[in-house]
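Reproduced below: run21.csv, with CSV, C-alpha atoms.
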chain,number,residue,atom,x,y,z
A,1350,ARG,CA,-23.1,-27.6,8.4
A,1351,VAL,CA,-23.9,-26.2,5.0
A,1352,GLU,CA,-27.2,-28.0,4.9
A,1353,GLN,CA,-28.0,-27.0,8.5
A,1354,VAL,CA,-27.5,-23.3,7.8
A,1355,THR,CA,-28.7,-22.9,4.2
A,1356,GLY,CA,-30.9,-25.8,3.5
A,1357,LEU,CA,-28.6,-26.8,0.6
A,1358,PRO,CA,-27.4,-30.4,0.5
A,1359,SER,CA,-23.7,-29.8,-0.2
A,1360,ALA,CA,-20.9,-27.4,-0.5
A,1361,ALA,CA,-21.1,-27.9,-4.3
A,1362,GLU,CA,-24.7,-26.7,-4.2
A,1363,LEU,CA,-23.6,-23.7,-2.2
A,1364,GLN,CA,-21.0,-22.9,-4.8
A,1365,THR,CA,-23.7,-23.0,-7.5
A,1366,MET,CA,-25.8,-20.6,-5.5
A,1367,MET,CA,-22.8,-18.3,-5.0
A,1368,ALA,CA,-22.3,-18.2,-8.8
A,1369,ASN,CA,-25.9,-17.2,-9.4
A,1370,LYS,CA,-26.8,-14.9,-6.5
A,1371,THR,CA,-27.5,-11.3,-6.9
A,1372,THR,CA,-24.5,-9.1,-6.1
A,1373,LYS,CA,-23.5,-5.5,-6.2
A,1374,GLN,CA,-20.1,-3.9,-7.0
A,1375,SER,CA,-18.8,-2.0,-4.0
A,1376,ILE,CA,-17.4,1.4,-4.9
A,1377,ASP,CA,-15.4,3.4,-2.3
A,1378,ILE,CA,-14.4,7.0,-3.2
A,1379,LEU,CA,-11.4,7.6,-1.0
A,1380,LEU,CA,-10.6,11.2,-0.1
A,1381,ASN,CA,-7.1,11.8,1.4
A,1382,SER,CA,-8.3,14.8,3.3
A,1383,ARG,CA,-7.1,16.4,6.5
A,1384,CYS,CA,-7.3,14.4,9.7
A,1385,THR,CA,-7.0,15.4,13.4
A,1386,GLU,CA,-4.7,12.5,14.2
A,1387,LYS,CA,-1.6,10.9,12.6
A,1388,CYS,CA,-2.3,7.2,13.3
A,1389,SER,CA,0.6,4.8,13.0
A,1390,HIS,CA,-1.8,2.2,11.6
A,1391,CYS,CA,-3.7,4.4,9.1
A,1392,PHE,CA,-4.2,2.7,5.7
A,1393,PHE,CA,-4.9,6.0,4.0
A,1394,THR,CA,-1.4,6.4,2.6
A,1395,GLU,CA,-1.0,6.5,-1.2
A,1396,LYS,CA,2.6,6.6,-2.4
A,1397,GLY,CA,3.6,10.0,-3.9
A,1398,GLN,CA,0.3,11.7,-3.0
A,1399,GLY,CA,-0.3,14.4,-0.5
A,1400,LEU,CA,-3.5,15.7,1.2
A,1401,ILE,CA,-6.4,17.1,-0.8
A,1402,LYS,CA,-8.3,20.2,0.4
A,1403,THR,CA,-12.1,20.1,0.7
A,1404,SER,CA,-12.6,23.0,-1.6
A,1405,PRO,CA,-15.7,23.8,-3.6
A,1406,GLU,CA,-13.9,22.4,-6.6
A,1407,MET,CA,-13.1,19.2,-4.9
A,1408,VAL,CA,-16.8,18.8,-3.8
A,1409,GLU,CA,-17.9,19.3,-7.4
A,1410,ASP,CA,-15.3,16.8,-8.6
A,1411,LEU,CA,-16.7,14.3,-6.1
A,1412,ARG,CA,-20.2,14.9,-7.3
A,1413,ARG,CA,-19.1,14.3,-10.9
A,1414,GLN,CA,-17.5,11.0,-9.9
A,1415,ILE,CA,-20.6,9.9,-8.0
A,1416,ASP,CA,-22.8,10.7,-11.0
A,1417,PHE,CA,-20.9,8.2,-13.2
A,1418,PHE,CA,-22.2,5.3,-11.1
A,1419,ASP,CA,-25.7,3.8,-10.9
A,1420,THR,CA,-26.3,3.8,-7.2
A,1421,ASP,CA,-29.0,1.2,-7.6
A,1422,LYS,CA,-26.5,-1.3,-8.8
A,1423,THR,CA,-23.5,-0.4,-6.6
A,1424,ASN,CA,-22.7,0.0,-2.9
A,1425,LEU,CA,-21.2,3.5,-3.1
A,1426,THR,CA,-19.4,4.9,0.0
A,1427,ILE,CA,-17.6,8.2,0.4
A,1428,TYR,CA,-14.6,8.0,2.8
A,1429,PRO,CA,-12.8,11.2,3.9
A,1430,ARG,CA,-10.0,10.5,6.4
A,1431,GLU,CA,-12.0,12.4,9.0
A,1432,ILE,CA,-15.5,13.7,8.4
A,1433,THR,CA,-15.5,16.2,11.3
A,1434,ALA,CA,-12.5,17.9,9.6
A,1435,ALA,CA,-14.3,17.9,6.2
A,1436,LEU,CA,-17.7,19.2,7.0
A,1437,ASP,CA,-18.0,20.8,3.6
A,1438,LEU,CA,-18.7,17.3,2.3
A,1439,LEU,CA,-21.9,17.0,4.3
A,1440,PRO,CA,-24.2,18.3,1.5
A,1441,VAL,CA,-22.9,15.4,-0.7
A,1442,PHE,CA,-23.6,12.9,2.1
A,1443,SER,CA,-27.1,14.3,2.4
A,1444,GLU,CA,-27.6,14.0,-1.3
A,1445,GLN,CA,-26.6,10.3,-1.2
A,1446,GLN,CA,-28.8,9.7,1.8
A,1447,THR,CA,-25.8,8.5,3.8
A,1448,ASP,CA,-26.8,7.9,7.5
A,1449,ARG,CA,-23.5,6.5,8.8
A,1450,VAL,CA,-19.9,7.8,8.9
A,1451,LEU,CA,-16.6,6.8,10.4
A,1452,THR,CA,-14.8,9.2,12.8
A,1453,ASN,CA,-12.1,9.3,15.4
A,1454,GLY,CA,-14.5,11.2,17.6
A,1455,VAL,CA,-12.1,13.9,18.7
A,1456,LEU,CA,-14.2,16.8,17.5
A,1457,LEU,CA,-17.7,15.4,18.2
A,1458,SER,CA,-18.1,17.2,21.5
A,1459,GLN,CA,-17.3,20.6,20.0
A,1460,LYS,CA,-20.2,23.0,19.7
A,1461,GLY,CA,-22.3,22.5,16.6
A,1462,ILE,CA,-20.5,19.4,15.2
A,1463,LEU,CA,-23.2,16.8,16.1
A,1464,GLU,CA,-25.9,19.2,15.1
A,1465,GLN,CA,-24.4,19.6,11.6
A,1466,LEU,CA,-24.0,15.8,11.2
A,1467,LYS,CA,-27.6,15.2,12.3
A,1468,SER,CA,-29.1,17.9,10.1
A,1469,SER,CA,-27.3,16.2,7.1
A,1470,GLY,CA,-29.0,12.9,7.9
A,1471,ILE,CA,-26.2,11.2,9.8
A,1472,THR,CA,-27.7,9.1,12.6
A,1473,LYS,CA,-25.0,6.4,13.1
A,1474,LEU,CA,-21.3,6.9,14.0
A,1475,ALA,CA,-18.5,4.3,14.0
A,1476,VAL,CA,-15.8,5.7,16.3
A,1477,SER,CA,-12.2,4.4,16.5
A,1478,LEU,CA,-11.2,3.3,20.0
A,1479,HIS,CA,-8.0,1.4,20.3
A,1480,GLY,CA,-7.6,0.3,23.9
A,1481,ASN,CA,-6.9,2.2,27.1
A,1482,LYS,CA,-5.5,5.8,27.1
A,1483,GLU,CA,-1.8,4.8,26.8
A,1484,GLN,CA,-2.5,2.3,23.9
A,1485,HIS,CA,-4.9,4.5,22.0
A,1486,THR,CA,-2.4,7.4,22.2
A,1487,ARG,CA,0.5,5.1,21.1
A,1488,LEU,CA,-1.4,4.1,17.9
A,1489,THR,CA,-2.9,7.5,17.1
A,1490,HIS,CA,0.2,9.6,17.7
A,1491,ALA,CA,-2.2,12.2,19.2
A,1492,PRO,CA,-1.8,14.1,22.5
A,1493,PRO,CA,-3.1,12.1,25.4
A,1494,GLN,CA,-6.0,14.4,25.9
A,1495,PHE,CA,-7.4,13.4,22.5
A,1496,TYR,CA,-8.4,10.1,24.1
A,1497,ASP,CA,-10.5,11.9,26.6
A,1498,LEU,CA,-12.0,14.0,23.8
A,1499,THR,CA,-12.9,10.8,21.9
A,1500,LEU,CA,-14.7,9.4,25.0
A,1501,ALA,CA,-16.5,12.7,25.4
A,1502,GLY,CA,-17.5,12.7,21.8
A,1503,ILE,CA,-18.9,9.2,22.0
A,1504,GLU,CA,-20.9,10.0,25.1
A,1505,ALA,CA,-22.2,13.3,23.6
A,1506,ALA,CA,-23.3,11.5,20.4
A,1507,ILE,CA,-25.2,8.8,22.4
A,1508,ALA,CA,-26.8,11.6,24.6
A,1509,ALA,CA,-27.9,13.3,21.3
A,1510,GLY,CA,-29.7,10.1,20.3
A,1511,MET,CA,-27.2,8.8,17.7
A,1512,GLU,CA,-26.3,5.1,17.3
A,1513,VAL,CA,-22.7,4.6,18.1
A,1514,SER,CA,-20.5,1.7,17.4
A,1515,THR,CA,-16.7,1.4,17.9
A,1516,PHE,CA,-13.9,-0.3,16.0
A,1517,THR,CA,-10.6,-1.4,17.4
A,1518,SER,CA,-7.5,-2.3,15.5
A,1519,VAL,CA,-6.2,-5.3,17.3
A,1520,SER,CA,-2.5,-5.6,17.8
A,1521,LYS,CA,-0.1,-6.9,20.4
A,1522,TYR,CA,-0.1,-3.5,21.9
A,1523,ASN,CA,-3.8,-3.5,23.0
A,1524,LEU,CA,-4.7,-7.2,23.5
A,1525,ASN,CA,-4.7,-6.8,27.2
A,1526,SER,CA,-7.2,-3.9,27.2
A,1527,LEU,CA,-9.9,-5.4,25.0
A,1528,ALA,CA,-11.9,-6.2,28.2
A,1529,GLN,CA,-11.7,-2.5,29.1
A,1530,VAL,CA,-13.0,-1.5,25.7
A,1531,PHE,CA,-15.9,-3.9,26.0
A,1532,ALA,CA,-16.7,-2.8,29.6
A,1533,TYR,CA,-16.7,0.9,28.5
A,1534,ALA,CA,-19.0,0.1,25.5
A,1535,ASN,CA,-21.5,-1.6,27.7
A,1536,GLN,CA,-21.4,1.1,30.3
A,1537,VAL,CA,-22.1,4.0,27.9
A,1538,GLY,CA,-24.6,2.4,25.5
A,1539,ILE,CA,-22.4,1.6,22.5
A,1540,VAL,CA,-24.4,-0.8,20.3
A,1541,GLU,CA,-21.5,-2.7,18.7
A,1542,THR,CA,-17.8,-3.1,19.1
A,1543,LYS,CA,-16.0,-4.2,15.9
A,1544,LEU,CA,-12.5,-5.8,16.0
A,1545,LEU,CA,-10.2,-5.3,13.0
A,1546,ARG,CA,-6.8,-7.0,12.7
A,1547,LEU,CA,-3.9,-4.6,12.4
A,1548,ILE,CA,-2.0,-5.5,9.2
A,1549,PRO,CA,1.1,-4.0,7.6
A,1550,VAL,CA,-0.5,-1.6,5.2
A,1551,GLY,CA,-0.3,2.2,4.9
A,1552,GLN,CA,1.5,3.7,7.9
A,1553,ALA,CA,1.5,0.3,9.6
A,1554,GLU,CA,4.2,-0.8,7.2
A,1555,ASN,CA,6.5,1.2,9.5
A,1556,LEU,CA,5.6,-0.7,12.6
A,1557,PRO,CA,7.9,-3.5,13.9
A,1558,ASN,CA,7.0,-7.1,13.5
A,1559,GLU,CA,6.1,-7.4,17.2
A,1560,ALA,CA,3.1,-5.1,16.7
A,1561,PHE,CA,1.2,-7.8,14.8
A,1562,ILE,CA,-0.7,-10.6,16.4
A,1563,ASP,CA,0.0,-14.3,16.0
A,1564,GLU,CA,-2.1,-17.4,16.5
A,1565,ALA,CA,-1.5,-17.4,20.3
A,1566,ASP,CA,-2.7,-13.8,20.4
A,1567,LEU,CA,-5.8,-14.7,18.4
A,1568,ARG,CA,-6.6,-17.3,21.0
A,1569,THR,CA,-6.2,-14.6,23.7
A,1570,MET,CA,-8.5,-12.3,21.8
A,1571,LEU,CA,-11.2,-15.0,21.3
A,1572,ILE,CA,-11.1,-15.7,25.1
A,1573,ALA,CA,-11.7,-12.0,25.8
A,1574,VAL,CA,-14.5,-11.8,23.2
A,1575,GLU,CA,-16.3,-14.9,24.6
A,1576,ALA,CA,-16.0,-13.7,28.2
A,1577,ALA,CA,-17.4,-10.2,27.2
A,1578,ARG,CA,-20.3,-11.8,25.2
A,1579,ARG,CA,-21.3,-13.7,28.3
A,1580,GLN,CA,-20.9,-10.7,30.6
A,1581,TYR,CA,-22.6,-8.2,28.3
A,1582,PRO,CA,-25.3,-10.0,26.3
A,1583,SER,CA,-26.8,-6.8,24.9
A,1584,LEU,CA,-23.5,-5.6,23.4
A,1585,ARG,CA,-22.7,-6.9,19.9
A,1586,ILE,CA,-19.1,-7.8,19.4
A,1587,SER,CA,-18.0,-8.7,15.9
A,1588,LEU,CA,-14.8,-9.6,14.1
A,1589,LEU,CA,-14.9,-7.3,11.0
A,1590,GLY,CA,-15.2,-9.0,7.7
A,1591,THR,CA,-12.6,-11.8,7.2
A,1592,SER,CA,-9.9,-9.7,9.0
A,1593,PHE,CA,-8.9,-12.7,11.2
A,1594,GLY,CA,-9.9,-15.3,8.6
A,1595,PRO,CA,-13.4,-16.5,7.8
A,1596,ASN,CA,-15.3,-18.3,10.5
A,1597,PHE,CA,-16.7,-21.6,9.1
A,1598,TYR,CA,-18.0,-22.4,12.6
A,1599,SER,CA,-20.4,-19.5,12.2
A,1600,GLN,CA,-23.7,-19.4,10.4
A,1601,GLY,CA,-22.9,-15.9,9.1
A,1602,ILE,CA,-20.3,-16.9,6.5
A,1603,TYR,CA,-22.6,-19.6,4.9
A,1604,ARG,CA,-25.5,-17.2,4.8
A,1605,TYR,CA,-23.4,-14.5,3.2
A,1606,LEU,CA,-22.0,-16.8,0.6
A,1607,ALA,CA,-25.4,-18.1,-0.2
A,1608,GLY,CA,-26.8,-14.6,-0.7
A,1609,MET,CA,-29.1,-15.0,2.3
A,1610,SER,CA,-27.9,-11.9,4.1
A,1611,ASP,CA,-27.7,-8.3,2.9
A,1612,THR,CA,-24.2,-7.6,4.3
A,1613,TRP,CA,-21.6,-5.4,2.8
A,1614,PRO,CA,-19.9,-5.9,0.3
A,1615,ASN,CA,-22.6,-8.1,-1.3
A,1616,SER,CA,-19.9,-9.9,-3.3
A,1617,THR,CA,-19.9,-13.4,-4.7
A,1618,TYR,CA,-16.9,-14.4,-2.6
A,1619,ALA,CA,-15.7,-13.7,0.9
A,1620,CYS,CA,-13.1,-11.3,-0.5
A,1621,PRO,CA,-14.4,-8.7,-3.0
A,1622,TRP,CA,-10.9,-8.3,-4.6
A,1623,ILE,CA,-11.8,-11.5,-6.4
A,1624,ASN,CA,-13.2,-10.8,-9.8
A,1625,GLN,CA,-12.9,-7.0,-8.9
A,1626,GLN,CA,-16.2,-6.8,-7.1
A,1627,PHE,CA,-14.6,-3.9,-5.2
A,1628,ILE,CA,-13.2,-0.7,-6.7
A,1629,GLY,CA,-11.5,1.9,-4.5
A,1630,ILE,CA,-11.1,5.2,-6.3
A,1631,SER,CA,-8.5,7.7,-4.9
A,1632,LEU,CA,-10.1,11.0,-5.8
A,1633,GLY,CA,-6.9,12.9,-5.5
A,1634,SER,CA,-4.7,10.7,-7.8
A,1635,LYS,CA,-7.5,9.2,-9.9
A,1636,ASN,CA,-5.9,5.8,-9.3
A,1637,ILE,CA,-8.1,2.7,-8.8
A,1638,TYR,CA,-7.3,-0.1,-6.3
A,1639,PRO,CA,-8.8,-3.5,-5.6
A,1640,CYS,CA,-9.1,-2.9,-1.8
A,1641,PHE,CA,-9.3,0.2,0.4
A,1642,GLU,CA,-6.3,-1.1,2.3
A,1643,ALA,CA,-4.1,-1.4,-0.9
A,1644,LEU,CA,-3.4,2.3,-1.4
A,1645,SER,CA,0.2,2.0,-0.2
A,1646,PHE,CA,1.0,-0.7,-2.7
A,1647,PRO,CA,1.3,0.9,-6.2
A,1648,GLU,CA,1.7,-2.6,-7.8
A,1649,THR,CA,-1.9,-3.4,-6.9
A,1650,GLN,CA,-3.4,-0.5,-8.9
A,1651,ILE,CA,-6.0,-1.9,-11.3
A,1652,GLY,CA,-7.0,1.2,-13.3
A,1653,THR,CA,-7.5,5.0,-13.5
A,1654,VAL,CA,-10.3,7.5,-13.8
A,1655,THR,CA,-10.6,9.8,-16.8
A,1656,ASN,CA,-11.3,13.5,-16.7
A,1657,THR,CA,-15.0,12.7,-17.3
A,1658,GLY,CA,-15.2,10.3,-14.4
A,1659,ALA,CA,-15.2,7.2,-16.5
A,1660,ILE,CA,-13.1,4.3,-15.2
A,1661,ASN,CA,-10.5,2.3,-17.0
A,1662,VAL,CA,-10.0,-1.0,-15.2
A,1663,ALA,CA,-7.7,-3.9,-16.3
A,1664,ASP,CA,-9.0,-7.5,-16.4
A,1665,PRO,CA,-9.2,-9.1,-12.9
A,1666,ASN,CA,-5.9,-10.4,-11.7
A,1667,LEU,CA,-7.5,-12.5,-9.0
A,1668,THR,CA,-10.1,-15.1,-10.2
A,1669,PRO,CA,-11.5,-18.2,-8.5
A,1670,GLU,CA,-9.6,-20.3,-11.0
A,1671,SER,CA,-6.2,-18.6,-10.4
A,1672,LEU,CA,-6.7,-18.8,-6.7
A,1673,LYS,CA,-7.6,-22.5,-6.6
A,1674,GLU,CA,-4.6,-23.3,-8.7
A,1675,ASN,CA,-2.0,-21.0,-7.1
A,1676,LEU,CA,-2.9,-20.5,-3.4
A,1677,ARG,CA,-0.1,-21.8,-1.2
A,1678,GLY,CA,0.6,-22.5,2.4
A,1679,MET,CA,-2.3,-23.1,4.7
A,1680,CYS,CA,-4.7,-21.9,1.9
A,1681,ALA,CA,-3.6,-24.5,-0.7
A,1682,GLU,CA,-6.3,-26.9,-1.7
A,1683,ALA,CA,-4.4,-29.8,-0.1
A,1684,ASN,CA,-4.2,-28.0,3.2
A,1685,CYS,CA,-7.7,-26.5,3.6
A,1686,GLN,CA,-11.1,-28.3,3.3
A,1687,TYR,CA,-12.8,-24.9,2.9
A,1688,GLN,CA,-10.7,-23.6,0.0
A,1689,SER,CA,-13.4,-23.8,-2.6
A,1690,LEU,CA,-15.6,-21.6,-0.5
A,1691,CYS,CA,-13.0,-19.4,1.1
A,1692,LEU,CA,-10.5,-18.9,-1.8
A,1693,GLY,CA,-7.8,-17.8,0.6
A,1694,GLY,CA,-9.8,-15.2,2.7
A,1695,CYS,CA,-8.9,-11.6,2.8
A,1696,ARG,CA,-6.2,-11.1,0.1
A,1697,ILE,CA,-4.8,-7.8,1.3
A,1698,THR,CA,-4.0,-9.4,4.6
A,1699,ALA,CA,-2.1,-12.4,3.1
A,1700,PHE,CA,-0.5,-10.1,0.5
A,1701,SER,CA,0.8,-7.5,3.0
A,1702,PHE,CA,2.4,-10.1,5.3
A,1703,ALA,CA,3.9,-12.0,2.4
A,1704,LYS,CA,5.3,-8.8,0.9
A,1705,ARG,CA,6.7,-7.9,4.3
A,1706,ARG,CA,8.5,-11.3,4.4
A,1707,GLY,CA,9.8,-10.8,0.9
A,1708,GLU,CA,7.9,-13.7,-0.7
A,1709,ALA,CA,7.6,-13.9,-4.5
A,1710,ASN,CA,4.1,-13.5,-5.9
A,1711,PRO,CA,2.4,-12.4,-2.7
A,1712,LEU,CA,-1.0,-12.3,-4.3
A,1713,TYR,CA,-1.3,-16.0,-3.8
A,1714,ALA,CA,0.2,-16.3,-0.4
A,1715,GLY,CA,-1.4,-18.3,2.3
A,1716,GLN,CA,-2.6,-16.6,5.5
A,1717,ASP,CA,-0.3,-16.5,8.5
A,1718,ILE,CA,-3.2,-17.1,10.9
A,1719,CYS,CA,-6.8,-18.3,10.3
A,1720,LEU,CA,-9.8,-18.0,12.6
A,1721,THR,CA,-11.3,-21.3,11.4
A,1722,ARG,CA,-8.1,-23.2,11.8
A,1723,THR,CA,-7.6,-21.8,15.3
A,1724,LEU,CA,-11.1,-22.8,16.2
A,1725,ASP,CA,-10.4,-26.3,14.8
A,1726,LYS,CA,-7.4,-26.6,17.2
A,1727,ILE,CA,-9.5,-25.4,20.1
A,1728,GLN,CA,-12.3,-27.8,19.2
A,1729,ALA,CA,-9.9,-30.7,19.0
A,1730,LYS,CA,-8.8,-30.2,22.6
A,1731,LEU,CA,-12.4,-30.2,24.0
Rewritten as structure tokens:
Amino acid sequence: RVEQVTGLPSAAELQTMMANKTTKQSIDILLNSRCTEKCSHCFFTEKGQGLIKTSPEMVEDLRRQIDFFDTDKTNLTIYPREITAALDLLPVFSEQQTDRVLTNGVLLSQKGILEQLKSSGITKLAVSLHGNKEQHTRLTHAPPQFYDLTLAGIEAAIAAGMEVSTFTSVSKYNLNSLAQVFAYANQVGIVETKLLRLIPVGQAENLPNEAFIDEADLRTMLIAVEAARRQYPSLRISLLGTSFGPNFYSQGIYRYLAGMSDTWPNSTYACPWINQQFIGISLGSKNIYPCFEALSFPETQIGTVTNTGAINVADPNLTPESLKENLRGMCAEANCQYQSLCLGGCRITAFSFAKRRGEANPLYAGQDICLTRTLDKIQAKL
């Protein structure tokens, strides 16, 4: 499969190319600003830190932090909790030539909001949509009418000529409405629906165990995805990153690892936590984390920002060598033929579930479910 996709004769040759490919460090500047919802699955929860106001002083602080980085050598992204509630940041987005933002969509249909986004150079929106009205409301802790406002915002943005994609946090709560999400996306002209696995980070640490999907649920999701891809061939449906585990049945993972695709985060490995190829800066606390979903775990902090915007970062705590030696469970070398390429997949996923189970040394935990392994089992029955 490696040779078929990349033209390389072996996995060893692919590893050599991985080591030598051109990469960028991904920098996220995380702004714990006001949001219009109080989602029970929001990762934007940093222990001991409150909200920051989008004041002129904060905007200038953000600019100073951005100026510290060479944007030609990094993938730099600014993440407020909700851009439509932080419109004072739009001049900075314009300066950075940012054309895409994340939003819950609730305020998009209000007069002037879309016009302000478009005049700042925003042409693409990724809107959160978590199932039907009941399920979306359950996860967002917002009034039920906010669901209607989200749909109205999506449709207003599409009518205004903007490119709209959606992302859905997949849990046991909304598995049975994924078909509805896909049908709606196809009906109104959404270009892509992205699925993200709900994991116990941030506010989701407070959810019960039955909220999180298991392997049987993953199979149910895959059936729904395959049916929708056949029914709506023009709608792109993607599984975000390695959220459900890397897919070694897909060409995409091999092309990414070989440096043949220009896909975020442009890291050497599937997980950019490895060798600290991702840095998440919390602008409010000046703390630095190895993953944008790690803010609620103080023990994962890898550095701090000085008053001048310089970063002080410790040596990487996750390296290819340490992972190959210490990964356990289904991700141990003896249990996974892809370990040298995968290196345990998304580390925050495995870490968060292992920590929830009270395991020692959760950094090296094996995954609880794996997309490739699930596909192996499906393939074996065909």
Smallest atom-to-atom distance to Ile1623 of chain A: which of A:Ile1637, A:Ala1683, A:Leu1672, A:Ile1602, using all atoms listed in the file?
-> A:Leu1672
All residues 12 Å or closer to Glu1682 of chain A, all atoms listed in the file, same chain fewer than 2 positions away omitted, as an mmCIF file with C-alpha atoms, in the coordinates of the input:
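Result saved to around_19.cif:
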data_model
loop_
_atom_site.group_PDB
_atom_site.id
_atom_site.type_symbol
_atom_site.label_atom_id
_atom_site.label_comp_id
_atom_site.auth_asym_id
_atom_site.auth_seq_id
_atom_site.Cartn_x
_atom_site.Cartn_y
_atom_site.Cartn_z
ATOM 1 C CA GLU A 1670 -9.600 -20.300 -11.000
ATOM 2 C CA LEU A 1672 -6.700 -18.800 -6.700
ATOM 3 C CA LYS A 1673 -7.600 -22.500 -6.600
ATOM 4 C CA GLU A 1674 -4.600 -23.300 -8.700
ATOM 5 C CA ASN A 1675 -2.000 -21.000 -7.100
ATOM 6 C CA LEU A 1676 -2.900 -20.500 -3.400
ATOM 7 C CA ARG A 1677 -0.100 -21.800 -1.200
ATOM 8 C CA GLY A 1678 0.600 -22.500 2.400
ATOM 9 C CA MET A 1679 -2.300 -23.100 4.700
ATOM 10 C CA CYS A 1680 -4.700 -21.900 1.900
ATOM 11 C CA ASN A 1684 -4.200 -28.000 3.200
ATOM 12 C CA CYS A 1685 -7.700 -26.500 3.600
ATOM 13 C CA GLN A 1686 -11.100 -28.300 3.300
ATOM 14 C CA TYR A 1687 -12.800 -24.900 2.900
ATOM 15 C CA GLN A 1688 -10.700 -23.600 0.000
ATOM 16 C CA SER A 1689 -13.400 -23.800 -2.600
ATOM 17 C CA LEU A 1690 -15.600 -21.600 -0.500
ATOM 18 C CA CYS A 1691 -13.000 -19.400 1.100
ATOM 19 C CA LEU A 1692 -10.500 -18.900 -1.800
ATOM 20 C CA GLY A 1693 -7.800 -17.800 0.600
ATOM 21 C CA GLY A 1715 -1.400 -18.300 2.300
#
Expressed in Å, the length from atom CA of Thr1657 of chain A to atom CA of Lys1635 of chain A is 11.1 Å
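Closest approach to Leu1524 of chain A among A:Thr1486, A:Thr1542, A:Thr1365, A:Asn1481: A:Asn1481, based on all atoms listed in the file.
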Compile a residue-level contact table for segment 1597-1698 of chain A against segment 1412-1423 of chain A at a cut-off of 12 Å, reporting for every qualifying residue the shortest atom pair and its distance in Å to one decimal, with only C-alpha atoms counted, rows ordered by chain and ascending number, as JSON lines.
{"residue": "A:Trp1613", "atom": "CA", "partner": "A:Thr1423", "partner_atom": "CA", "distance": 10.8}
{"residue": "A:Pro1614", "atom": "CA", "partner": "A:Thr1423", "partner_atom": "CA", "distance": 9.5}
{"residue": "A:Asn1615", "atom": "CA", "partner": "A:Thr1423", "partner_atom": "CA", "distance": 9.4}
{"residue": "A:Ser1616", "atom": "CA", "partner": "A:Thr1423", "partner_atom": "CA", "distance": 10.7}
{"residue": "A:Gln1626", "atom": "CA", "partner": "A:Thr1423", "partner_atom": "CA", "distance": 9.7}
{"residue": "A:Phe1627", "atom": "CA", "partner": "A:Thr1423", "partner_atom": "CA", "distance": 9.7}
{"residue": "A:Ile1628", "atom": "CA", "partner": "A:Thr1423", "partner_atom": "CA", "distance": 10.3}
{"residue": "A:Ile1630", "atom": "CA", "partner": "A:Gln1414", "partner_atom": "CA", "distance": 9.4}
{"residue": "A:Ser1631", "atom": "CA", "partner": "A:Gln1414", "partner_atom": "CA", "distance": 10.8}
{"residue": "A:Leu1632", "atom": "CA", "partner": "A:Gln1414", "partner_atom": "CA", "distance": 8.5}
{"residue": "A:Gly1633", "atom": "CA", "partner": "A:Gln1414", "partner_atom": "CA", "distance": 11.6}
{"residue": "A:Lys1635", "atom": "CA", "partner": "A:Gln1414", "partner_atom": "CA", "distance": 10.2}
{"residue": "A:Val1654", "atom": "CA", "partner": "A:Gln1414", "partner_atom": "CA", "distance": 8.9}
{"residue": "A:Thr1655", "atom": "CA", "partner": "A:Gln1414", "partner_atom": "CA", "distance": 9.8}
{"residue": "A:Asn1656", "atom": "CA", "partner": "A:Gln1414", "partner_atom": "CA", "distance": 9.5}
{"residue": "A:Thr1657", "atom": "CA", "partner": "A:Arg1413", "partner_atom": "CA", "distance": 7.8}
{"residue": "A:Gly1658", "atom": "CA", "partner": "A:Gln1414", "partner_atom": "CA", "distance": 5.1}
{"residue": "A:Ala1659", "atom": "CA", "partner": "A:Phe1417", "partner_atom": "CA", "distance": 6.7}
{"residue": "A:Ile1660", "atom": "CA", "partner": "A:Phe1417", "partner_atom": "CA", "distance": 8.9}
Store the residues picked out above in a file with C-alpha atoms, as an mmCIF file, in the frame of the given file.
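The resulting file, selection05.cif, is reproduced below:
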data_model
loop_
_atom_site.group_PDB
_atom_site.id
_atom_site.type_symbol
_atom_site.label_atom_id
_atom_site.label_comp_id
_atom_site.auth_asym_id
_atom_site.auth_seq_id
_atom_site.Cartn_x
_atom_site.Cartn_y
_atom_site.Cartn_z
ATOM 1 C CA TRP A 1613 -21.600 -5.400 2.800
ATOM 2 C CA PRO A 1614 -19.900 -5.900 0.300
ATOM 3 C CA ASN A 1615 -22.600 -8.100 -1.300
ATOM 4 C CA SER A 1616 -19.900 -9.900 -3.300
ATOM 5 C CA GLN A 1626 -16.200 -6.800 -7.100
ATOM 6 C CA PHE A 1627 -14.600 -3.900 -5.200
ATOM 7 C CA ILE A 1628 -13.200 -0.700 -6.700
ATOM 8 C CA ILE A 1630 -11.100 5.200 -6.300
ATOM 9 C CA SER A 1631 -8.500 7.700 -4.900
ATOM 10 C CA LEU A 1632 -10.100 11.000 -5.800
ATOM 11 C CA GLY A 1633 -6.900 12.900 -5.500
ATOM 12 C CA LYS A 1635 -7.500 9.200 -9.900
ATOM 13 C CA VAL A 1654 -10.300 7.500 -13.800
ATOM 14 C CA THR A 1655 -10.600 9.800 -16.800
ATOM 15 C CA ASN A 1656 -11.300 13.500 -16.700
ATOM 16 C CA THR A 1657 -15.000 12.700 -17.300
ATOM 17 C CA GLY A 1658 -15.200 10.300 -14.400
ATOM 18 C CA ALA A 1659 -15.200 7.200 -16.500
ATOM 19 C CA ILE A 1660 -13.100 4.300 -15.200
#
Of the candidates A:Tyr1581, A:Pro1358, A:Pro1405, A:Glu1395, which one gets nearest to Ser1645 of chain A if we count all atoms listed in the file?
-> A:Glu1395
Counting all atoms listed in the file, the option among A:Cys1620, A:Leu1379, A:Val1530, A:Leu1498 closest to Ala1577 of chain A |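 Distance minimum relative to Ala1577 of chain A lands on A:Val1530.
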Residues near Glu1362 of chain A, cut-off 12 Å, only C-alpha atoms, skip fewer than 4 positions along chain, as a list in words = Val1351, Glu1352, Thr1355, Gly1356, Leu1357, Pro1358, Met1366, Met1367, Ala1368, Asn1369, Tyr1603, Leu1606, Ala1607, Ser1689 and Leu1690 of chain A
